[in-house]
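Here's the structure we're looking at; comments come further down.
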Amino acid sequence: KSLRKKGEGFFCSAVSAFKPLSKCYRLGISSIILAMASSYSMQDAPASTGGGSHMQGFGGGPNNVAGGDNSTGGGAGGDYGSESIFATDINKHDELRNMLESQKDAMKLEAMRRIIGMVAKGRNVANLFPSVVKNVLSKNNELKKLVYVYLVRYAEEEQDLALLSISAFQKACKDRNQLIRASALRVLSSIRVTVIVPIMMLAIKDASSDMSPFVRKTAAHAIPKLYSLDESQKENMIEVIEKLLKDRTTLVAGSAVMAFEIVCPERTDLVHKNYRKLCNLLVDVDEWGQMAVMNMLTHYARSQFLDPNQNEDMGDAAFYTESEDEDDDEDDDDDDIDSDDSEAKKKRDARRKKKKPYTMDPDHRLLLRCAKPLLQSRNSGVVMAVCQLYFHTAPRSEHSVVIKPMLRLLHSNREVQTVVLTNIATLSLKYKGLFEPFIKSFFVHAQDSAQIRSLKLEIMTNLASDSSVPIILKEFQTYVSSTDRVFVADTIQAIGRCASQLEDVTDTCVHGLMRLLQHRDELVVGESVVIIKKLLQLQPSQHKEIIVHLTKLVDGIKVPMARASILWLIGEYSEHVPKLAPDVLRKMAKSFTNEEDIVKLQILNLASKLMLINGKQTKLLTQYVLNMAKYDINYDIRDRARYLRQLLLPAEKGPLGKYAKKVLLVSKPAPVLESAYKDRQQWQVGSLSLMLGAAAAGYVPLPDFPTDAPDPSVRDVEVEYSWAESAKRAAKKTGKGKKKKNRSELDSFYSSDEDSDEDDDEDDDDDDSDDSDEDSDEESGEEDDDDDDEEESDDEEESDDEDEEEDGEWADSSSEGEVLPSQSKSSATADSDDDDEDESEEEDSDEESDEEDESEDEPVKPVAKTTAAKSKAAGKAAGKAAGKGAGKGKAAAAPEVSLLDLDDVSPAPAAGAASSASFSATMLQPATGAMAALSLGTPASVQAGSATFTSTTSYELLNRILGRGLGAQYRFTRRTHLFSESMVDVEVTFTNNGDAEVHDVYVASKKLEGGMTVHEFDTISSLDVGESRTVALGIDFKDTLNPAVFDIACRTGKFPVKIVPIVGEIVQAAVMSEADFKQRSGQLKGMNESTGQLTLSSAQELPSLCQCVVQHANLALVQRSASGDGDDNTLFFAGRTTSAHLPVLLRVVLESGTAVKLICNCEKMVIHNMLIKEIKSALGKI
């Protein structure tokens, strides 16, 4: 009966889902179909749109039956078990639950794969936890891995059920498969219950001694979880961390250091013995581990080594103290010298005597040398970690090493560019000389986002100097002609900062800003007035005519901030405009009630100042203004009026009246235009705190360098050799002793002089041959280590023998960077020699910096030690080395090209004469001039640019009545979706207009045409009453105007919606030159071209037409060539289709004052036809 009431449409849709009736009978629902068929005719049923192996399932009863083979699927990519028509929250996963309880491992494995797929999509499958946890004892390793992945996700939410299987997890920690052991430990550490803390601690201790490095790494990851659960286990965790820090595997090093940083960062004694090992392993650690290790070593270096720049600071201090001493000697005859000054002088002298010349610690140099090769890493985080290490611990003479790698990161995506530019903006304030030669790298490009443009302007302003300011101002002159109003305003502020920093260009900047007062945009004019006002305060007497000119413009300027600035200037420098100031006050008094609050306050200030200077002409006007302000709705204006009345009017003068001139006419200091990033220098480079400008949670500031050098011997490590290695070394020593003894017996046959020379030579040869043998052994040992690490993850039984071999081979490879006890005396002398060499290198760094950079950038290769007379063993080693390097002889002769050498960096050209401003969109032309090389034949010839206008128009997606209280709006953001470049980013805002909370809002079934795809948003778990939530939805319309039809589902039901594409929103702005535009448009003729004619209601200019076009279509204005072809009344707009990236070319020709011709070219006929109609309709409404 309930079905009969639904009507014909519901019946037809139900029947169409079960077209193959044979399957329906087989599935046991024949009674339902026959009952429905008896009341309704099946002859008029529409053709089936689905079915077969991908039909939607029925889930209305306890025996949840689904149609087709994939019973739980709602299509090829549907949500298994949640697409059923009659499904409820209780039994929507019954099919998966039945599969998990099946006796066949294949069914269980298929169910777990579907469940993990739903977890990856953000779907909530927590109700399947009891069924999944039963399979934790399965003997199928593949199934057990998937079960552990699920348990890691939901163990924290279902703690009680997870505790029931705690014994199974403990047993799995002893499994033969290393992946099972690691997964069990990961699940065990995810259960956030304090009762099992002892069990977790015992499991972590056992895993830290596991033969598999993967399990030991998992143990390191579990330590922070246990520490956040129970901090009382800190001492036991420190013991485990100490063991993991001594691990020789690169897979464990990064995780162990991360655990150390979270649990006990103050225990530097744990790092002493492992410092050199971590430095040598730094290149081989994984990328995220490299960042953790370098961050830890940066804090360690700041606390254990002396400041490498203390000699420079000492030199500056000595210079100033000497000058002070000379001043004191000259003023000895004066009686103003106090005893405190003499005592301070004695203390400075004593401190200066205690200071010793700085010599860099060899371990400090080791850290910098091992970190430098990572500047060529492909991971931007690793490069920034090396940069922060150098800026905070290296000498200033070596900071230039990291500049080019930082500039290389500017070719990455926008997020990386933002982080790098923020750090450069902060560093450029302190290290201007490092970045000034590369100022062209910070020129703004057309595809740059608004934030990146602002950061580049900030950097160029910080780098402005007498030599570079002509180039910067010429670049700024191009920027002020952009169509982006906010960017133009930022450029004007940057011009003001340059003018305030450099007095030589102040006049030039002021006159340039005066020209912008004729701009059509009020925002640009207002910002120019504000900056001019600040600059005039620096030298008001020299710019009298500018003040007069601004006074005459006060009527035409409508921006409140600009009007207020002009009124302040007139009141402050009224002596320069004695005749115009009273007249301005008269005009302002007439429009007082219609002005903004900030303008009213400045009118009061102007009236009060003119009352004191020229009371005869302005007394009545002042009284009128005060009376008007007395009844203003703003209490600030009323309070200011009462205060000024007591100061100015004789009848109401209070005790403060005699101080009126001192209060109102006092001289004001000129404003200081400083960088907004000046306060960020206190934060660590590359940190989140520097990005935010405030201390982030968990931020640990860098410690200060110690005044006295700590004991370096704490980092000396005694190397323990294996039995085989010890026997080998003993045999070598005895062999040398026998040779020397035999040689001494033959000394009587030869002269003493000749024999002594020959003995020395041959002994040297023997030593060299032994050394070469040792080097070759070390190389083979290192290769074996690499093979062992790879085989450990595949076969656990082989890992036992490989670890034993690794114990013996590590001693050779690590002995190079560690000091033996027997070598302590010789190492001390060697360190002193190294220090002297380091000092000489630092002194010559200015002259030979290029050569040093090239030599240090080369990869380190083992070099055989040879003398003039080669022994046979040494000759073999040399022959092998020559054989390996024979193929590289020609390459060595050619100049080496380093990854750090950027081609886009070139010296700044000489500044030329500034060209006159004309209407153009210069911002859409890249500064490198690479657009001339683009051609139509290349597939990537159409380069995407940034949108010049973002629409705020929203469209209704789901009506709140149809959605049972859930409403949705959507808008096109004109951004590329993060999931794919071929997708349009759609911003959807859900609002709960009902009286109950909405749960689990997600995208359900999709009915897409023509290969369209939709990237869903994450499930919204809950939406309170009156709450709104905004999500991003990606849609690939395949360059068509077909709507995207899908269902929005929540616990209250499923609601069909659709998003209709707008032709102007499914195209992307593109960067293109005028010549390229004409070439492409010439090739797209005939069926690829549409034209249109319209007559405007009134005469318009090109800027208004340009603004209208970019508002209704995501196109970019093409930069016009300097020559011009006589089509000055033509605007060229370029774009590309979102999916296929085909060029979209639009030409707007203003034939007369009101006649406009439109020409659009595109390979997609529907695009150019509909775009012409859209633009024509928009221009007709102007």
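Ordered as shown in the structure tokens, chains take letters A, B, and onward, while each chain numbers its residues from 1 and ligands are numbered from 1 in the order shown.
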Residue set, region 106-306 of chain A restricted to alpha helix (DSSP H), as an MDAnalysis selection string = chainID A and resid 106:120 129:133 141:154 159:163 166:172 178:190 197:208 213:229 234:245 250:263 269:272 275:281 287:304
Skipping near chain neighbours, those fewer than 4 positions away, what residues fall within 8 Å of Leu1096 (chain A) using only C-alpha atoms, listed as an NGL selection string?
-> :A and (1100 or 1154-1156 or 1179-1180 or 1182)
Take CA of Ile532 (chain A) and CA of Val510 (chain A) and report the distance between them in Å, one decimal.
-> 6.3 Å
Please provide the set of residues having any atom within 10 Å of Arg974 (chain A), restricted to only C-alpha atoms, with same-chain residues fewer than 4 positions apart removed, written as a PyMOL selection string.
-> chain A and resi 946-951+984-987+1064-1069+1113-1114
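Nearest to Glu158 (chain A) of all the residues A:Leu427, A:Val125, A:Leu179, A:Leu185 is A:Val125, based on only C-alpha atoms.
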For Ser1081 (chain A), the closest of A:Cys1160, A:Ala464, A:Cys1050, A:Val1148 counting only C-alpha atoms is A:Cys1160
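Note that the spacing between CA of Val257 (chain A) and CA of Lys217 (chain A) amounts to 10.7 Å.
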For Val252 (chain A): contacts at 7 Å, only C-alpha atoms, fewer than 4 positions along chain excluded, given as number ranges by chain = A: 213, 216-217, 247, 256
With N, CA, C and O atoms retained, write the just-selected residues as a short mmCIF file (atom, residue, chain, number, x, y, z; two decimals), in the first residue's frame.
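The new file selection_18.cif reads:
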```cif
data_model
loop_
_atom_site.label_atom_id
_atom_site.label_comp_id
_atom_site.auth_asym_id
_atom_site.auth_seq_id
_atom_site.Cartn_x
_atom_site.Cartn_y
_atom_site.Cartn_z
N PRO A 213 65.13 -3.41 11.27
CA PRO A 213 65.16 -1.95 11.50
C PRO A 213 63.79 -1.31 11.37
O PRO A 213 63.53 -0.28 11.96
N ARG A 216 62.23 -1.53 14.74
CA ARG A 216 62.88 -0.57 15.66
C ARG A 216 62.41 0.86 15.35
O ARG A 216 62.24 1.68 16.27
N LYS A 217 62.20 1.17 14.10
CA LYS A 217 61.66 2.48 13.74
C LYS A 217 60.25 2.66 14.28
O LYS A 217 59.89 3.74 14.79
N ASP A 247 71.77 3.20 17.30
CA ASP A 247 71.50 2.30 16.18
C ASP A 247 72.30 2.73 14.95
O ASP A 247 72.47 3.93 14.68
N ALA A 256 64.42 8.02 15.79
CA ALA A 256 64.98 8.10 17.14
C ALA A 256 65.23 9.54 17.55
O ALA A 256 64.97 9.93 18.70
#
```
Between A:Ser454, A:Asn274, A:Ser467, A:Thr976, smallest distance to Ala944 (chain A) by only C-alpha atoms belongs to A:Thr976
Write out as a list of chain:residue names which residues come within 9 Å of region 147-157 of chain A when counting only C-alpha atoms, dropping same-chain ones fewer than 5 positions away.
-> A:Met112, A:Ile115, A:Ile116, A:Val119, A:Val125, A:Ala126, A:Phe129, A:Val132, A:Val133, A:Asn135, A:Val136, A:Glu142, A:Ala162, A:Leu163, A:Ile180, A:Ser183, A:Ala184, A:Arg186, A:Val187, A:Leu188, A:Ser189, A:Ser190, A:Ile191, A:Arg192, A:Val193
Polymer residues at most 10 Å from region 288-303 of chain A, only C-alpha atoms, same-chain spacing of 2 or more positions, as an MDAnalysis selection string | chainID A and resid 250:261 265:266 268 271:272 275 278:279 281:286 305:307 363:364 367 371 374 379 381:386 388:390 392:394 700:707 709:710
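Here CA of Tyr659 (chain A) is placed at a distance of 24.4 Å from CA of Met628 (chain A).
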Give the answer as one residue: which of A:Asn1129, A:Asn1161, A:Ser1097, A:Gln417 has the shortest atom-to-atom distance to Lys1181 (chain A), using only C-alpha atoms?
-> A:Ser1097
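Shortest separation to Asn413 (chain A) among A:Leu978, A:Leu648, A:Leu457, A:Ile598 occurs at residue A:Leu978, atoms counted being only C-alpha atoms.
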